[in-house]
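Input: a single structure, listed below in structure tokens.
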Amino acid sequence: MASSPDVTPSADSTPGNPGSGTTERRGRVRGRRAAVLAVPATLAAATLAVLTAEGILGVQFAISGMPFVVKADKLEGVGFEQYGALDHMIPDSPNQGDTDGSVLVVTSVIGKGKLTNMCQSVDLGGIQLLLTAGNKGTKVEVENLAIDSDEITGNAEFNDIEIGRDSSTFDRVPGFKGPAGVYGQQARTVTINNLYQHNYAATAAVFKLPDLRMSFSTSGCPGT
């Protein structure tokens, strides 16, 4: 859903498929964290200081640190914003690993959206909690959805997009803005086919899940 690392503002974008296992995904996450640490210390510290000073969190609660995957055949959104953020776990969280419990994410905001054939999976440690909806002709509906991701892939198309705009001046989704001086992008509409998100948190004013089904499985969403 700052410009996401894998979704580009082009209808011809064809990012690669995500990793096929939890271990591989966690490896990529650790790799990205290592890359952040490779940035000169003064620059990294300044960036985190700005985000912290502005109080910008993708969601206003302490995250568990257990990521979850969302997949959908198609996302259609009216009102789109995207910018960098910093999520935090509780102090001394068992999931913080060798970090301080902070996770650098991209916050994607959708004013009103629809998802076709949505699947969500959470790795609970050897078993997956699966949630599916919108797969029998009636789409999932969301309003004022804000979701924090560290990986997004799909084939994306934006209309009336503005790239590099100061996220504190966003006006596509009333009530949602990023921090001052932070790179972001916004668009009037967004469509993403074959959507994949690796997420840490989400909030929504409305979340309608037709044909909802929850179950446990030894594997996650198909294709992950």
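Every chain in the structure tokens has a letter given in the order shown (A, B, ...), and although residue numbers restart at 1 in each chain, ligands are simply numbered from 1 in the order shown.
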Original post:
segment 107-121 of chain A: which residues within 7 Å, counting only C-alpha atoms, same-chain residues fewer than 5 positions away excluded, as a ChimeraX atom specification?
Top reply: /A:1,58,68-85,128-135,139-149,173,220-221
**OP:** Name the residues in contact with segment 159-171 of chain A at a cut-off of 9 Å, using only C-alpha atoms, excluding same-chain residues fewer than 6 positions from it; report them as a PyMOL selection string.
**Re:** chain A and resi 2-3+9+79-84+177-191
**OP:** Per DSSP on the backbone, filter segment 177-207 of chain A down to the residues in strand (DSSP E or B) and report them as JSON, numbers by chain.
**Re:** {"A": [183, 184, 185, 186, 187, 188, 189, 190, 191, 192, 193, 194, 195, 196, 197, 198, 199, 200, 201, 202, 203, 206, 207]}
